[in-house]
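Here's target21.pdb, which has PDB, C-alpha atoms:
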```
ATOM      1  CA  MET A1348       2.941  70.387  83.053
ATOM      2  CA  ASP A1349       4.879  73.552  83.741
ATOM      3  CA  HIS A1350       3.695  77.011  82.723
ATOM      4  CA  GLU A1351       5.698  77.072  79.492
ATOM      5  CA  GLU A1352       4.339  73.719  78.319
ATOM      6  CA  LEU A1353       0.784  74.813  79.104
ATOM      7  CA  ARG A1354       1.259  77.993  77.022
ATOM      8  CA  THR A1355       2.595  75.938  74.110
ATOM      9  CA  VAL A1356      -0.235  73.412  74.360
ATOM     10  CA  ARG A1357      -2.888  76.139  74.517
ATOM     11  CA  ALA A1358      -1.467  77.828  71.428
ATOM     12  CA  ALA A1359      -1.505  74.492  69.605
ATOM     13  CA  TYR A1360      -5.080  73.860  70.719
ATOM     14  CA  ASP A1361      -6.232  77.242  69.416
ATOM     15  CA  ALA A1362      -4.417  76.734  66.117
ATOM     16  CA  ARG A1363      -5.411  73.131  65.387
ATOM     17  CA  MET A1364      -8.765  72.624  67.121
ATOM     18  CA  ARG A1365     -10.316  76.099  66.811
ATOM     19  CA  ARG A1366      -8.813  78.102  63.926
ATOM     20  CA  GLY A1367      -8.056  74.891  62.047
ATOM     21  CA  ALA A1368     -11.235  73.073  63.104
ATOM     22  CA  GLU A1369     -12.713  70.345  60.932
ATOM     23  CA  PRO A1370     -16.431  69.452  60.722
ATOM     24  CA  ASP A1371     -17.588  67.191  63.542
ATOM     25  CA  MET A1372     -19.906  65.192  61.253
ATOM     26  CA  ALA A1373     -20.188  64.480  57.534
ATOM     27  CA  GLN A1374     -23.137  66.824  56.961
ATOM     28  CA  ALA A1375     -21.453  69.796  58.658
ATOM     29  CA  ARG A1376     -19.209  72.398  57.084
ATOM     30  CA  VAL A1377     -16.666  74.696  58.684
ATOM     31  CA  GLU A1378     -16.447  78.214  57.252
ATOM     32  CA  ARG A1379     -13.708  80.798  57.755
ATOM     33  CA  THR A1380     -14.739  84.405  57.277
ATOM     34  CA  GLY A1381     -11.415  86.026  58.200
ATOM     35  CA  THR A1382     -12.108  86.906  61.823
ATOM     36  CA  VAL A1383     -14.467  84.029  62.666
ATOM     37  CA  VAL A1384     -14.468  80.252  62.254
ATOM     38  CA  ARG A1385     -17.946  78.718  62.455
ATOM     39  CA  GLN A1386     -19.696  75.428  61.827
ATOM     40  CA  THR A1387     -23.089  75.067  60.189
ATOM     41  CA  VAL A1388     -25.170  71.909  59.901
ATOM     42  CA  PRO A1389     -28.326  71.472  57.793
ATOM     43  CA  GLY A1390     -30.497  69.484  60.187
ATOM     44  CA  PRO A1391     -29.598  68.008  63.591
ATOM     45  CA  GLY A1392     -26.127  68.909  64.748
ATOM     46  CA  TRP A1393     -23.988  71.576  66.409
ATOM     47  CA  ASN A1394     -24.079  75.081  64.934
ATOM     48  CA  GLY A1395     -21.819  77.754  66.282
ATOM     49  CA  VAL A1396     -18.690  79.890  66.418
ATOM     50  CA  LEU A1397     -15.508  78.014  67.282
ATOM     51  CA  TRP A1398     -12.956  80.824  67.134
ATOM     52  CA  SER A1399     -12.804  84.573  66.637
ATOM     53  CA  ASP A1400     -10.128  87.256  66.374
ATOM     54  CA  LEU A1401     -11.908  90.458  67.385
ATOM     55  CA  ASP A1402     -11.225  93.740  69.118
ATOM     56  CA  GLU A1403     -13.270  96.557  70.620
ATOM     57  CA  GLU A1404     -13.818  98.107  67.192
ATOM     58  CA  THR A1405     -14.957  94.969  65.346
ATOM     59  CA  ALA A1406     -16.683  92.774  67.938
ATOM     60  CA  ASP A1407     -20.242  94.140  67.876
ATOM     61  CA  ALA A1408     -20.486  94.165  64.086
ATOM     62  CA  GLU A1409     -19.141  90.593  63.874
ATOM     63  CA  ILE A1410     -21.569  89.360  66.521
ATOM     64  CA  ALA A1411     -24.437  90.917  64.539
ATOM     65  CA  ALA A1412     -23.124  89.336  61.330
ATOM     66  CA  GLN A1413     -23.108  85.861  62.882
ATOM     67  CA  VAL A1414     -26.626  86.274  64.258
ATOM     68  CA  ALA A1415     -27.787  87.351  60.801
ATOM     69  CA  HIS A1416     -26.002  84.417  59.161
ATOM     70  CA  PHE A1417     -27.622  81.758  61.316
ATOM     71  CA  ALA A1418     -30.992  83.514  61.198
ATOM     72  CA  ARG A1419     -30.894  83.409  57.374
ATOM     73  CA  LEU A1420     -30.287  79.668  57.561
ATOM     74  CA  GLY A1421     -33.345  79.242  59.763
ATOM     75  CA  THR A1422     -31.256  77.846  62.618
ATOM     76  CA  SER A1423     -33.292  77.711  65.818
ATOM     77  CA  GLU A1424     -30.210  78.258  67.993
ATOM     78  CA  PHE A1425     -26.446  78.410  67.781
ATOM     79  CA  GLU A1426     -23.574  78.629  70.222
ATOM     80  CA  TRP A1427     -20.661  81.018  70.485
ATOM     81  CA  LYS A1428     -17.978  79.032  72.282
ATOM     82  CA  LEU A1429     -16.115  81.683  74.261
ATOM     83  CA  TYR A1430     -12.753  81.064  75.944
ATOM     84  CA  ASP A1431     -11.466  83.237  78.754
ATOM     85  CA  HIS A1432      -8.413  84.301  76.732
ATOM     86  CA  ASP A1433     -10.474  85.423  73.716
ATOM     87  CA  ARG A1434     -10.475  89.106  72.800
ATOM     88  CA  PRO A1435     -11.806  91.625  73.538
ATOM     89  CA  ALA A1436     -11.909  91.097  77.291
ATOM     90  CA  ASP A1437     -15.589  92.107  77.441
ATOM     91  CA  LEU A1438     -16.718  89.780  74.627
ATOM     92  CA  GLY A1439     -19.017  87.892  76.997
ATOM     93  CA  ALA A1440     -20.811  91.094  77.972
ATOM     94  CA  ARG A1441     -21.186  92.032  74.303
ATOM     95  CA  LEU A1442     -22.693  88.618  73.528
ATOM     96  CA  ARG A1443     -25.193  89.000  76.366
ATOM     97  CA  ALA A1444     -26.141  92.442  75.074
ATOM     98  CA  ALA A1445     -26.832  90.848  71.676
ATOM     99  CA  GLY A1446     -29.251  88.350  73.192
ATOM    100  CA  PHE A1447     -26.969  85.389  73.922
ATOM    101  CA  VAL A1448     -27.511  83.456  77.150
ATOM    102  CA  PRO A1449     -24.478  81.966  78.919
ATOM    103  CA  GLU A1450     -24.600  78.353  80.023
ATOM    104  CA  PRO A1451     -22.512  77.039  82.946
ATOM    105  CA  PRO A1452     -18.782  77.494  82.293
ATOM    106  CA  GLU A1453     -16.539  74.479  81.758
ATOM    107  CA  THR A1454     -12.836  74.072  82.445
ATOM    108  CA  LEU A1455     -10.647  73.369  79.427
ATOM    109  CA  MET A1456      -8.264  70.635  80.607
ATOM    110  CA  VAL A1457      -5.516  68.657  78.922
ATOM    111  CA  GLY A1458      -3.477  65.604  79.874
ATOM    112  CA  ARG A1459      -0.570  63.692  78.372
ATOM    113  CA  THR A1460      -1.899  60.566  76.712
ATOM    114  CA  ALA A1461       1.105  58.446  77.652
ATOM    115  CA  ASP A1462       0.696  59.241  81.351
ATOM    116  CA  LEU A1463      -3.050  58.579  81.361
ATOM    117  CA  ALA A1464      -2.738  55.353  79.379
ATOM    118  CA  GLY A1465      -0.613  53.963  82.201
ATOM    119  CA  LEU A1466      -3.208  54.477  84.921
ATOM    120  CA  PRO A1467      -3.711  51.283  86.952
ATOM    121  CA  VAL A1468      -7.428  50.630  86.582
ATOM    122  CA  ASP A1469      -9.520  47.534  87.229
ATOM    123  CA  PRO A1470     -13.252  47.485  86.419
ATOM    124  CA  PRO A1471     -15.555  47.334  89.438
ATOM    125  CA  GLU A1472     -16.891  43.864  90.127
ATOM    126  CA  GLY A1473     -19.605  42.930  87.650
ATOM    127  CA  VAL A1474     -18.776  45.744  85.186
ATOM    128  CA  THR A1475     -17.525  45.098  81.643
ATOM    129  CA  LEU A1476     -16.781  47.447  78.757
ATOM    130  CA  ARG A1477     -18.619  47.269  75.432
ATOM    131  CA  VAL A1478     -17.098  49.077  72.468
ATOM    132  CA  VAL A1479     -19.745  50.942  70.452
ATOM    133  CA  THR A1480     -19.760  50.096  66.756
ATOM    134  CA  ASP A1481     -23.434  50.286  65.738
ATOM    135  CA  GLU A1482     -26.807  51.924  66.364
ATOM    136  CA  ALA A1483     -27.640  49.535  69.197
ATOM    137  CA  GLY A1484     -24.517  50.629  71.047
ATOM    138  CA  VAL A1485     -25.314  54.300  70.474
ATOM    139  CA  ASP A1486     -28.788  53.745  71.924
ATOM    140  CA  LEU A1487     -27.253  52.180  75.026
ATOM    141  CA  MET A1488     -25.153  55.344  75.414
ATOM    142  CA  MET A1489     -28.187  57.585  75.021
ATOM    143  CA  ASP A1490     -30.075  55.540  77.606
ATOM    144  CA  VAL A1491     -27.426  55.910  80.290
ATOM    145  CA  HIS A1492     -26.769  59.569  79.438
ATOM    146  CA  ALA A1493     -30.461  60.364  79.905
ATOM    147  CA  ARG A1494     -30.234  58.920  83.413
ATOM    148  CA  ALA A1495     -26.850  60.516  84.154
ATOM    149  CA  PHE A1496     -27.558  64.030  82.857
ATOM    150  CA  GLY A1497     -31.347  64.132  83.093
ATOM    151  CA  THR A1498     -31.799  65.222  79.467
ATOM    152  CA  GLU A1499     -32.307  63.648  76.064
ATOM    153  CA  ARG A1500     -29.598  64.481  73.512
ATOM    154  CA  PRO A1501     -30.887  63.655  70.026
ATOM    155  CA  GLN A1502     -28.249  65.764  68.263
ATOM    156  CA  ILE A1503     -25.459  63.794  69.974
ATOM    157  CA  ARG A1504     -27.099  60.568  68.827
ATOM    158  CA  GLU A1505     -27.259  61.842  65.232
ATOM    159  CA  GLN A1506     -23.654  63.033  65.365
ATOM    160  CA  MET A1507     -22.411  59.658  66.603
ATOM    161  CA  LEU A1508     -24.385  57.710  64.001
ATOM    162  CA  SER A1509     -23.011  59.998  61.290
ATOM    163  CA  LEU A1510     -19.430  59.437  62.465
ATOM    164  CA  LEU A1511     -19.898  55.666  62.666
ATOM    165  CA  ARG A1512     -21.250  55.647  59.107
ATOM    166  CA  GLU A1513     -18.963  58.171  57.460
ATOM    167  CA  GLN A1514     -15.820  58.533  59.588
ATOM    168  CA  PRO A1515     -15.558  55.539  61.937
ATOM    169  CA  ASP A1516     -11.849  56.112  62.564
ATOM    170  CA  SER A1517     -12.639  59.501  64.132
ATOM    171  CA  LEU A1518     -14.739  58.045  66.972
ATOM    172  CA  ALA A1519     -14.027  55.690  69.861
ATOM    173  CA  ALA A1520     -17.068  55.111  72.073
ATOM    174  CA  VAL A1521     -17.572  52.733  74.956
ATOM    175  CA  VAL A1522     -20.322  51.697  77.366
ATOM    176  CA  ALA A1523     -19.777  50.278  80.851
ATOM    177  CA  MET A1524     -22.249  47.444  81.352
ATOM    178  CA  ALA A1525     -23.456  45.850  84.582
ATOM    179  CA  GLY A1526     -24.863  42.657  83.159
ATOM    180  CA  GLY A1527     -27.304  43.803  80.497
ATOM    181  CA  THR A1528     -27.685  47.335  81.902
ATOM    182  CA  PRO A1529     -25.623  50.315  80.715
ATOM    183  CA  VAL A1530     -24.334  52.247  83.740
ATOM    184  CA  SER A1531     -21.849  54.684  82.164
ATOM    185  CA  ALA A1532     -20.752  55.756  78.701
ATOM    186  CA  ALA A1533     -18.206  57.989  77.027
ATOM    187  CA  ARG A1534     -16.708  58.782  73.653
ATOM    188  CA  MET A1535     -13.499  60.140  72.183
ATOM    189  CA  GLU A1536     -13.369  62.193  68.988
ATOM    190  CA  MET A1537     -10.196  62.369  66.903
ATOM    191  CA  ARG A1538      -9.173  64.255  63.796
ATOM    192  CA  PRO A1539      -6.379  62.972  61.531
ATOM    193  CA  GLY A1540      -3.100  64.792  62.020
ATOM    194  CA  THR A1541      -4.139  66.752  65.118
ATOM    195  CA  PRO A1542      -2.317  66.331  68.464
ATOM    196  CA  PHE A1543      -5.527  66.297  70.529
ATOM    197  CA  ALA A1544      -8.269  63.752  71.101
ATOM    198  CA  GLY A1545     -11.399  65.132  72.758
ATOM    199  CA  LEU A1546     -13.052  63.251  75.610
ATOM    200  CA  TRP A1547     -16.819  63.679  75.798
ATOM    201  CA  GLY A1548     -19.666  62.207  77.809
ATOM    202  CA  GLY A1549     -18.458  60.223  80.788
ATOM    203  CA  GLY A1550     -21.935  60.251  82.331
ATOM    204  CA  THR A1551     -22.577  57.616  84.997
ATOM    205  CA  ASP A1552     -25.891  56.431  86.408
ATOM    206  CA  PRO A1553     -26.172  58.074  89.868
ATOM    207  CA  ARG A1554     -26.529  54.641  91.482
ATOM    208  CA  TRP A1555     -23.088  53.635  90.140
ATOM    209  CA  ARG A1556     -21.067  56.736  90.941
ATOM    210  CA  GLY A1557     -18.084  56.641  93.265
ATOM    211  CA  ARG A1558     -16.897  53.218  92.097
ATOM    212  CA  GLY A1559     -14.139  54.288  89.709
ATOM    213  CA  ILE A1560     -16.073  53.874  86.447
ATOM    214  CA  TYR A1561     -15.345  57.419  85.227
ATOM    215  CA  ARG A1562     -11.619  56.819  85.823
ATOM    216  CA  LEU A1563     -11.919  53.498  83.988
ATOM    217  CA  LEU A1564     -13.406  55.134  80.902
ATOM    218  CA  VAL A1565     -10.712  57.838  80.847
ATOM    219  CA  ALA A1566      -7.963  55.211  81.013
ATOM    220  CA  HIS A1567      -9.614  53.085  78.314
ATOM    221  CA  ARG A1568      -9.790  55.998  75.883
ATOM    222  CA  ALA A1569      -6.238  57.077  76.739
ATOM    223  CA  ARG A1570      -4.971  53.641  75.742
ATOM    224  CA  VAL A1571      -6.790  53.878  72.420
ATOM    225  CA  ALA A1572      -5.300  57.340  71.797
ATOM    226  CA  ALA A1573      -1.813  56.143  72.780
ATOM    227  CA  GLU A1574      -1.992  53.323  70.248
ATOM    228  CA  LEU A1575      -2.840  55.929  67.595
ATOM    229  CA  GLY A1576       0.069  58.171  68.594
ATOM    230  CA  ILE A1577      -2.087  61.100  69.774
ATOM    231  CA  PRO A1578      -0.061  62.987  72.419
ATOM    232  CA  TYR A1579      -2.786  64.877  74.316
ATOM    233  CA  LEU A1580      -6.310  64.327  75.620
ATOM    234  CA  GLN A1581      -8.616  67.339  75.975
ATOM    235  CA  VAL A1582     -11.763  67.724  78.093
ATOM    236  CA  ASP A1583     -14.321  70.483  78.620
ATOM    237  CA  ALA A1584     -14.836  69.553  82.261
ATOM    238  CA  SER A1585     -17.890  70.219  84.376
ATOM    239  CA  ALA A1586     -17.510  71.312  87.984
ATOM    240  CA  ASP A1587     -18.105  67.701  89.056
ATOM    241  CA  SER A1588     -15.524  66.240  86.661
ATOM    242  CA  ARG A1589     -12.715  68.759  87.174
ATOM    243  CA  PRO A1590     -11.444  67.474  90.554
ATOM    244  CA  ILE A1591     -11.450  63.879  89.302
ATOM    245  CA  LEU A1592      -9.487  64.852  86.201
ATOM    246  CA  GLU A1593      -6.995  66.893  88.223
ATOM    247  CA  ARG A1594      -6.332  63.855  90.421
ATOM    248  CA  LEU A1595      -5.717  61.806  87.275
ATOM    249  CA  GLY A1596      -3.119  64.307  86.032
ATOM    250  CA  PHE A1597      -5.018  66.717  83.783
ATOM    251  CA  ALA A1598      -3.961  70.388  83.819
ATOM    252  CA  VAL A1599      -6.076  73.506  83.327
ATOM    253  CA  LEU A1600      -5.695  75.473  80.077
ATOM    254  CA  GLY A1601      -8.534  77.903  80.728
ATOM    255  CA  VAL A1602     -12.287  78.268  81.004
ATOM    256  CA  THR A1603     -14.831  78.036  78.194
ATOM    257  CA  THR A1604     -18.408  79.276  78.382
ATOM    258  CA  PRO A1605     -21.106  78.389  75.817
ATOM    259  CA  TYR A1606     -23.142  81.468  74.857
ATOM    260  CA  VAL A1607     -26.373  80.404  73.179
ATOM    261  CA  TRP A1608     -28.520  82.491  70.842
ATOM    262  CA  SER A1609     -32.061  81.211  70.320
ATOM    263  CA  ARG A1610     -34.645  82.349  67.806
ATOM    264  CA  GLY A1611     -37.362  84.286  69.609
TER     265      GLY A1611
END
```
Here is the file; what I need is its structure written in the form of structure tokens.
Amino acid sequence: MDHEELRTVRAAYDARMRRGAEPDMAQARVERTGTVVRQTVPGPGWNGVLWSDLDEETADAEIAAQVAHFARLGTSEFEWKLYDHDRPADLGARLRAAGFVPEPPETLMVGRTADLAGLPVDPPEGVTLRVVTDEAGVDLMMDVHARAFGTERPQIREQMLSLLREQPDSLAAVVAMAGGTPVSAARMEMRPGTPFAGLWGGGTDPRWRGRGIYRLLVAHRARVAAELGIPYLQVDASADSRPILERLGFAVLGVTTPYVWSRG
């Protein structure tokens, strides 16, 4: 993608996926306060700020207002998802001063679905793909993700089960199986009418890395998105994933850093 296309795509991403965000599960609600778009979930799920339109005069008061909002709800923690083009330029420093802790930054990347759907990919010998449609499949994903990432992710499990129950057309999840053992897993989240499908997960058991499984799961999801007419795939890429995605044809839109506030 050239510079002009990247600018256009980033503007569309901000407008449709951040300012115009929809809840990521049935129990969640997205609220727009004028200068902030946030999601709140009663119970397990992702709570946080998706978009803001602030300046040097308004930022500190708005940060305090969001902390107060989530504190009133009894939320144990929430995330302010900061992008490197958000204003003001020192918003990250202001969040840290308010008690937020930054997590490792991720690279916001986007690729053309049609290009990625055409990737020539063959599964490694002995590996098959299982489409996730039920709780058993979700549990296979959680099993391999625990081995891949070294952490349990109960809120992701709850989110996926909610989507399968309430909005099955918004989720496409898949597990790579070596016989009866899950060795990698990934999901794609889609919202009706939006030009982006988000790729998430992609964790592979360390013993199975370097065999092309990550590439396989990207291509599989791209083909699903292409059949649905979704023009772009979006990823918040880790440092490990970024070079793989760049080789596949993804371009960089920017950097996003999760700032997390936790109840003391």
I'd like the neighbourhood of Asp1371 (chain A) as a short mmCIF file (atom, residue, chain, number, x, y, z; two decimals) with C-alpha atoms, in the coordinates of the input, where a residue qualifies if any of its atoms comes within 12 Å (using only C-alpha atoms), though same-chain residues fewer than 4 positions away should be ignored.
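Once everything was written out, this is part-v3.cif:
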```cif
data_model
loop_
_atom_site.label_atom_id
_atom_site.label_comp_id
_atom_site.auth_asym_id
_atom_site.auth_seq_id
_atom_site.Cartn_x
_atom_site.Cartn_y
_atom_site.Cartn_z
CA MET A 1364 -8.76 72.62 67.12
CA ARG A 1365 -10.32 76.10 66.81
CA ALA A 1375 -21.45 69.80 58.66
CA ARG A 1376 -19.21 72.40 57.08
CA VAL A 1377 -16.67 74.70 58.68
CA ARG A 1385 -17.95 78.72 62.46
CA GLN A 1386 -19.70 75.43 61.83
CA THR A 1387 -23.09 75.07 60.19
CA VAL A 1388 -25.17 71.91 59.90
CA GLY A 1392 -26.13 68.91 64.75
CA TRP A 1393 -23.99 71.58 66.41
CA ASN A 1394 -24.08 75.08 64.93
CA GLY A 1395 -21.82 77.75 66.28
CA LEU A 1397 -15.51 78.01 67.28
CA GLN A 1502 -28.25 65.76 68.26
CA ILE A 1503 -25.46 63.79 69.97
CA GLU A 1505 -27.26 61.84 65.23
CA GLN A 1506 -23.65 63.03 65.36
CA MET A 1507 -22.41 59.66 66.60
CA LEU A 1508 -24.38 57.71 64.00
CA SER A 1509 -23.01 60.00 61.29
CA LEU A 1510 -19.43 59.44 62.46
CA LEU A 1511 -19.90 55.67 62.67
CA GLU A 1513 -18.96 58.17 57.46
CA GLN A 1514 -15.82 58.53 59.59
CA PRO A 1515 -15.56 55.54 61.94
CA SER A 1517 -12.64 59.50 64.13
CA LEU A 1518 -14.74 58.04 66.97
CA MET A 1535 -13.50 60.14 72.18
CA GLU A 1536 -13.37 62.19 68.99
CA MET A 1537 -10.20 62.37 66.90
CA ARG A 1538 -9.17 64.26 63.80
CA GLY A 1545 -11.40 65.13 72.76
#
```
Name the residues in contact with Thr1405 (chain A) at a cut-off of 10 Å, using all atoms listed in the file, excluding same-chain residues fewer than 4 positions from it; report them as a PyMOL selection string. chain A and resi 1382+1400-1401+1409-1410+1435
Evaluate the PyMOL selection byres ((chain A and resi 1611) around 10) on the structure here and hand back the selected residues as a PyMOL selection string. chain A and resi 1423-1424+1446+1608-1610
Dump C-alpha atoms for the selected residues as a CSV table (one decimal), keeping the file's coordinate frame?
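The resulting file, selection_21.csv, is reproduced below:
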```csv
chain,number,residue,atom,x,y,z
A,1423,SER,CA,-33.3,77.7,65.8
A,1424,GLU,CA,-30.2,78.3,68.0
A,1446,GLY,CA,-29.3,88.4,73.2
A,1608,TRP,CA,-28.5,82.5,70.8
A,1609,SER,CA,-32.1,81.2,70.3
A,1610,ARG,CA,-34.6,82.3,67.8
```
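Residues with any atom within 10 Å of region 1352-1355 of chain A, counting only C-alpha atoms and excluding same-chain neighbours fewer than 5 positions away, are Tyr1360, Val1457, Ala1598, Val1599, Leu1600 and Gly1601 of chain A.
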Any idea what the distance is between CA of Val1522 (chain A) and CA of Ala1544 (chain A)?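 That distance, rounded to one decimal, is 18.2 Å.
The spacing separating CA of Arg1494 (chain A) from CA of Tyr1606 (chain A) amounts to 25.1 Å.
CA of Ala1584 (chain A) is positioned 13.9 Å from CA of Arg1534 (chain A).
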Under the PyMOL selection byres ((chain A and resi 1479) around 6), which residues of this model are included? Write them out as JSON, numbers by chain. {"A": [1478, 1480, 1484, 1520, 1521]}
Asp1490 (chain A): which residues within 9 Å, counting only C-alpha atoms, same-chain residues fewer than 5 positions away excluded, as a PyMOL selection string? chain A and resi 1485+1495+1499+1529
Residues of the last selection are to be written out with C-alpha atoms, as a short mmCIF file (atom, residue, chain, number, x, y, z; two decimals), in the frame of the given file.
```cif
data_model
loop_
_atom_site.label_atom_id
_atom_site.label_comp_id
_atom_site.auth_asym_id
_atom_site.auth_seq_id
_atom_site.Cartn_x
_atom_site.Cartn_y
_atom_site.Cartn_z
CA VAL A 1485 -25.31 54.30 70.47
CA ALA A 1495 -26.85 60.52 84.15
CA GLU A 1499 -32.31 63.65 76.06
CA PRO A 1529 -25.62 50.32 80.72
#
```
Hey, what comes out of the PyMOL selection byres ((chain A and resi 1444) around 12) on this file? Could you write it as an NGL selection string? :A and (1406-1407 or 1410-1411 or 1437-1443 or 1445-1449 or 1606 or 1608)
For region 1553-1555 of chain A, list every protein, DNA or RNA residue within 12 Å, evaluated using only C-alpha atoms, and leave out those in the same chain fewer than 5 positions away; present the list as a PyMOL selection string. chain A and resi 1471-1474+1491-1497+1523-1525+1528-1532+1560-1561
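You can rank A:Thr1422, A:Arg1512, A:Leu1487, A:Pro1542 by their closest distance to Ala1362 (chain A) using all atoms listed in the file, and at the top of that list sits A:Pro1542.
Using only C-alpha atoms for every distance, the candidate list A:Pro1467, A:Gly1367, A:Gly1576, A:Pro1501 yields A:Pro1467 as the residue closest to Leu1595 (chain A).
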Starting from the incomplete input, reconstruct N, CA and C atoms of region 1383-1405 of chain A and write that as a compact mmCIF listing (two decimals), in the coordinates of the input.
```txt
# COMPACT_ATOMS: atom_id res chain seq x y z
N VAL A 1383 -13.63 85.01 61.97
CA VAL A 1383 -14.47 84.03 62.67
C VAL A 1383 -14.36 82.68 61.97
N VAL A 1384 -14.33 81.62 62.76
CA VAL A 1384 -14.47 80.25 62.25
C VAL A 1384 -15.75 79.69 62.85
N ARG A 1385 -16.65 79.21 61.98
CA ARG A 1385 -17.95 78.72 62.46
C ARG A 1385 -18.28 77.40 61.78
N GLN A 1386 -19.18 76.65 62.42
CA GLN A 1386 -19.70 75.43 61.83
C GLN A 1386 -21.19 75.57 61.62
N THR A 1387 -21.65 75.11 60.46
CA THR A 1387 -23.09 75.07 60.19
C THR A 1387 -23.47 73.66 59.77
N VAL A 1388 -24.66 73.25 60.20
CA VAL A 1388 -25.17 71.91 59.90
C VAL A 1388 -26.61 72.03 59.41
N PRO A 1389 -26.93 71.49 58.24
CA PRO A 1389 -28.33 71.47 57.79
C PRO A 1389 -29.05 70.29 58.45
N GLY A 1390 -29.84 70.57 59.45
CA GLY A 1390 -30.50 69.48 60.19
C GLY A 1390 -29.89 69.34 61.57
N PRO A 1391 -30.12 68.20 62.23
CA PRO A 1391 -29.60 68.01 63.59
C PRO A 1391 -28.07 68.09 63.63
N GLY A 1392 -27.57 68.78 64.61
CA GLY A 1392 -26.13 68.91 64.75
C GLY A 1392 -25.77 70.20 65.45
N TRP A 1393 -24.46 70.40 65.68
CA TRP A 1393 -23.99 71.58 66.41
C TRP A 1393 -23.68 72.71 65.45
N ASN A 1394 -24.34 73.86 65.68
CA ASN A 1394 -24.08 75.08 64.93
C ASN A 1394 -23.43 76.09 65.87
N GLY A 1395 -22.38 76.75 65.41
CA GLY A 1395 -21.82 77.75 66.28
C GLY A 1395 -20.49 78.30 65.83
N VAL A 1396 -19.97 79.22 66.65
CA VAL A 1396 -18.69 79.89 66.42
C VAL A 1396 -17.64 79.20 67.27
N LEU A 1397 -16.58 78.74 66.61
CA LEU A 1397 -15.51 78.01 67.28
C LEU A 1397 -14.34 78.91 67.69
N TRP A 1398 -14.12 79.95 66.91
CA TRP A 1398 -12.96 80.82 67.13
C TRP A 1398 -13.25 82.19 66.55
N SER A 1399 -12.69 83.22 67.18
CA SER A 1399 -12.80 84.57 66.64
C SER A 1399 -11.55 85.36 66.98
N ASP A 1400 -11.27 86.37 66.16
CA ASP A 1400 -10.13 87.26 66.37
C ASP A 1400 -10.66 88.68 66.26
N LEU A 1401 -11.17 89.20 67.38
CA LEU A 1401 -11.91 90.46 67.39
C LEU A 1401 -11.24 91.46 68.32
N ASP A 1402 -11.66 92.71 68.18
CA ASP A 1402 -11.22 93.74 69.12
C ASP A 1402 -12.41 94.64 69.42
N GLU A 1403 -12.17 95.68 70.19
CA GLU A 1403 -13.27 96.56 70.62
C GLU A 1403 -13.96 97.23 69.45
N GLU A 1404 -13.25 97.42 68.35
CA GLU A 1404 -13.82 98.11 67.19
C GLU A 1404 -14.65 97.17 66.31
N THR A 1405 -14.32 95.89 66.30
CA THR A 1405 -14.96 94.97 65.35
C THR A 1405 -15.95 94.00 65.98
```
